[in-house]
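Single-structure report; data block below.
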Amino acid sequence: MLKKTTGFFDGMMNHSEAKSFVREHGEDGFLEYLQDQYPSYDLGGFSTAWEFDKKYICKARGRNGDIIIGWEENNYS
């Protein structure tokens, strides 16, 4: 589901798939998924505005840095 990238975004995801994942597994399940993908960051939470509008990124906050997830469907221009 997550494609790790370099540059501005740490990863890219399909917005619809991410929303479906949260509906099925809950926000705790999504955070666990992100923690599995980025174990060294010690993630503790993430933004939720993206769940309602894909113009927002998903920012996961961690003790050792933050992760920024962008959406494959957006062109961010």
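So you can find residues: chains in the structure tokens are A, B, ... in the order shown, residues in each start at 1, and ligands are numbered from 1 in order.
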Q: Fewer than 3 positions away in the same chain doesn't count, so skip those; otherwise give me all residues within 10 Å of range 23-35 of chain A, counting only C-alpha atoms, as an MDAnalysis selection string.
A: chainID A and resid 1:2 17:20 38:46 48 51 60 62 67 69
With N, CA and C atoms retained, export the selected residues as a PDB file, in the first residue's frame.
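Saved to result-v5.pdb:
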```pdb
ATOM      1  N   MET A   1       0.819  -1.185   0.000  1.00  0.00           N
ATOM      2  CA  MET A   1       0.000   0.000   0.000  1.00  0.00           C
ATOM      3  C   MET A   1       0.870   1.258   0.000  1.00  0.00           C
ATOM      4  N   LEU A   2       1.908   1.319   0.813  1.00  0.00           N
ATOM      5  CA  LEU A   2       2.791   2.480   0.912  1.00  0.00           C
ATOM      6  C   LEU A   2       3.986   2.297  -0.019  1.00  0.00           C
ATOM      7  N   GLU A  17      -7.395   3.937  -0.857  1.00  0.00           N
ATOM      8  CA  GLU A  17      -6.952   2.740  -0.142  1.00  0.00           C
ATOM      9  C   GLU A  17      -6.621   3.061   1.309  1.00  0.00           C
ATOM     10  N   ALA A  18      -5.989   4.197   1.548  1.00  0.00           N
ATOM     11  CA  ALA A  18      -5.648   4.590   2.920  1.00  0.00           C
ATOM     12  C   ALA A  18      -6.917   4.816   3.735  1.00  0.00           C
ATOM     13  N   LYS A  19      -7.908   5.501   3.151  1.00  0.00           N
ATOM     14  CA  LYS A  19      -9.170   5.728   3.853  1.00  0.00           C
ATOM     15  C   LYS A  19      -9.870   4.405   4.150  1.00  0.00           C
ATOM     16  N   SER A  20      -9.867   3.495   3.191  1.00  0.00           N
ATOM     17  CA  SER A  20     -10.483   2.182   3.399  1.00  0.00           C
ATOM     18  C   SER A  20      -9.784   1.415   4.503  1.00  0.00           C
ATOM     19  N   TYR A  38       8.030   2.373   9.328  1.00  0.00           N
ATOM     20  CA  TYR A  38       9.071   3.317   9.761  1.00  0.00           C
ATOM     21  C   TYR A  38       9.395   3.084  11.244  1.00  0.00           C
ATOM     22  N   PRO A  39       9.954   1.947  11.596  1.00  0.00           N
ATOM     23  CA  PRO A  39      10.154   1.610  13.012  1.00  0.00           C
ATOM     24  C   PRO A  39      11.107   2.541  13.767  1.00  0.00           C
ATOM     25  N   SER A  40      12.070   3.116  13.100  1.00  0.00           N
ATOM     26  CA  SER A  40      13.054   3.942  13.805  1.00  0.00           C
ATOM     27  C   SER A  40      12.509   5.310  14.220  1.00  0.00           C
ATOM     28  N   TYR A  41      11.333   5.696  13.742  1.00  0.00           N
ATOM     29  CA  TYR A  41      10.783   7.015  14.049  1.00  0.00           C
ATOM     30  C   TYR A  41       9.997   7.044  15.354  1.00  0.00           C
ATOM     31  N   ASP A  42       9.615   5.906  15.888  1.00  0.00           N
ATOM     32  CA  ASP A  42       8.834   5.840  17.136  1.00  0.00           C
ATOM     33  C   ASP A  42       7.594   6.723  17.025  1.00  0.00           C
ATOM     34  N   LEU A  43       6.751   6.429  16.040  1.00  0.00           N
ATOM     35  CA  LEU A  43       5.570   7.238  15.753  1.00  0.00           C
ATOM     36  C   LEU A  43       4.541   7.131  16.869  1.00  0.00           C
ATOM     37  N   GLY A  44       3.880   8.261  17.157  1.00  0.00           N
ATOM     38  CA  GLY A  44       2.899   8.273  18.230  1.00  0.00           C
ATOM     39  C   GLY A  44       1.536   8.782  17.819  1.00  0.00           C
ATOM     40  N   GLY A  45       1.389   9.297  16.605  1.00  0.00           N
ATOM     41  CA  GLY A  45       0.106   9.814  16.150  1.00  0.00           C
ATOM     42  C   GLY A  45       0.229  10.362  14.750  1.00  0.00           C
ATOM     43  N   PHE A  46      -0.909  10.677  14.146  1.00  0.00           N
ATOM     44  CA  PHE A  46      -0.904  11.233  12.799  1.00  0.00           C
ATOM     45  C   PHE A  46      -2.080  12.177  12.618  1.00  0.00           C
ATOM     46  N   THR A  48      -5.389  13.854  10.818  1.00  0.00           N
ATOM     47  CA  THR A  48      -6.575  13.169  10.313  1.00  0.00           C
ATOM     48  C   THR A  48      -7.373  13.975   9.288  1.00  0.00           C
ATOM     49  N   GLU A  51      -8.317  12.428   5.956  1.00  0.00           N
ATOM     50  CA  GLU A  51      -9.385  11.448   5.839  1.00  0.00           C
ATOM     51  C   GLU A  51     -10.636  12.060   5.222  1.00  0.00           C
ATOM     52  N   ALA A  60       2.673  11.970  10.162  1.00  0.00           N
ATOM     53  CA  ALA A  60       2.786  11.137  11.360  1.00  0.00           C
ATOM     54  C   ALA A  60       3.911  11.691  12.213  1.00  0.00           C
ATOM     55  N   GLY A  62       6.651  11.616  15.226  1.00  0.00           N
ATOM     56  CA  GLY A  62       7.468  10.637  15.922  1.00  0.00           C
ATOM     57  C   GLY A  62       8.496  11.286  16.827  1.00  0.00           C
ATOM     58  N   ILE A  67       6.974  11.779   9.641  1.00  0.00           N
ATOM     59  CA  ILE A  67       6.808  11.157   8.326  1.00  0.00           C
ATOM     60  C   ILE A  67       5.718  11.913   7.585  1.00  0.00           C
ATOM     61  N   ILE A  69       3.249  11.734   4.308  1.00  0.00           N
ATOM     62  CA  ILE A  69       2.695  10.859   3.277  1.00  0.00           C
ATOM     63  C   ILE A  69       1.860  11.712   2.322  1.00  0.00           C
TER      64      ILE A  69
END
```
Q) So which residues touch Ile57 in chain A within 12 Å, counting only C-alpha atoms, skipping near sequence neighbours fewer than 5 positions away, as a PyMOL selection string? A) chain A and resi 8-15+18+46-52+67-74+76
Q: Taking the DSSP assignment computed from this structure's backbone, write out as a list in words all residues of chain A that belong to strand (DSSP E).
A: Lys3, Lys4, Gly11, Met12, Met13, Leu43, Gly44, Gly45, Phe46, Cys58, Lys59, Ala60, Arg61, Gly62, Ile67, Ile68, Ile69, Gly70 and Trp71 of chain A
Q: Pick out each residue of chain A that DSSP on the backbone tags as helix (DSSP H, G or I); I need them as a PyMOL selection string.
A: chain A and resi 15-37+39-41+49-51
Q. What separation in Å, quoted to one decimal, exists between CA of Asp36 in chain A and CA of Lys4 in chain A?
A.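 Between CA of Asp36 in chain A and CA of Lys4 in chain A the gap works out to 12.7 Å.
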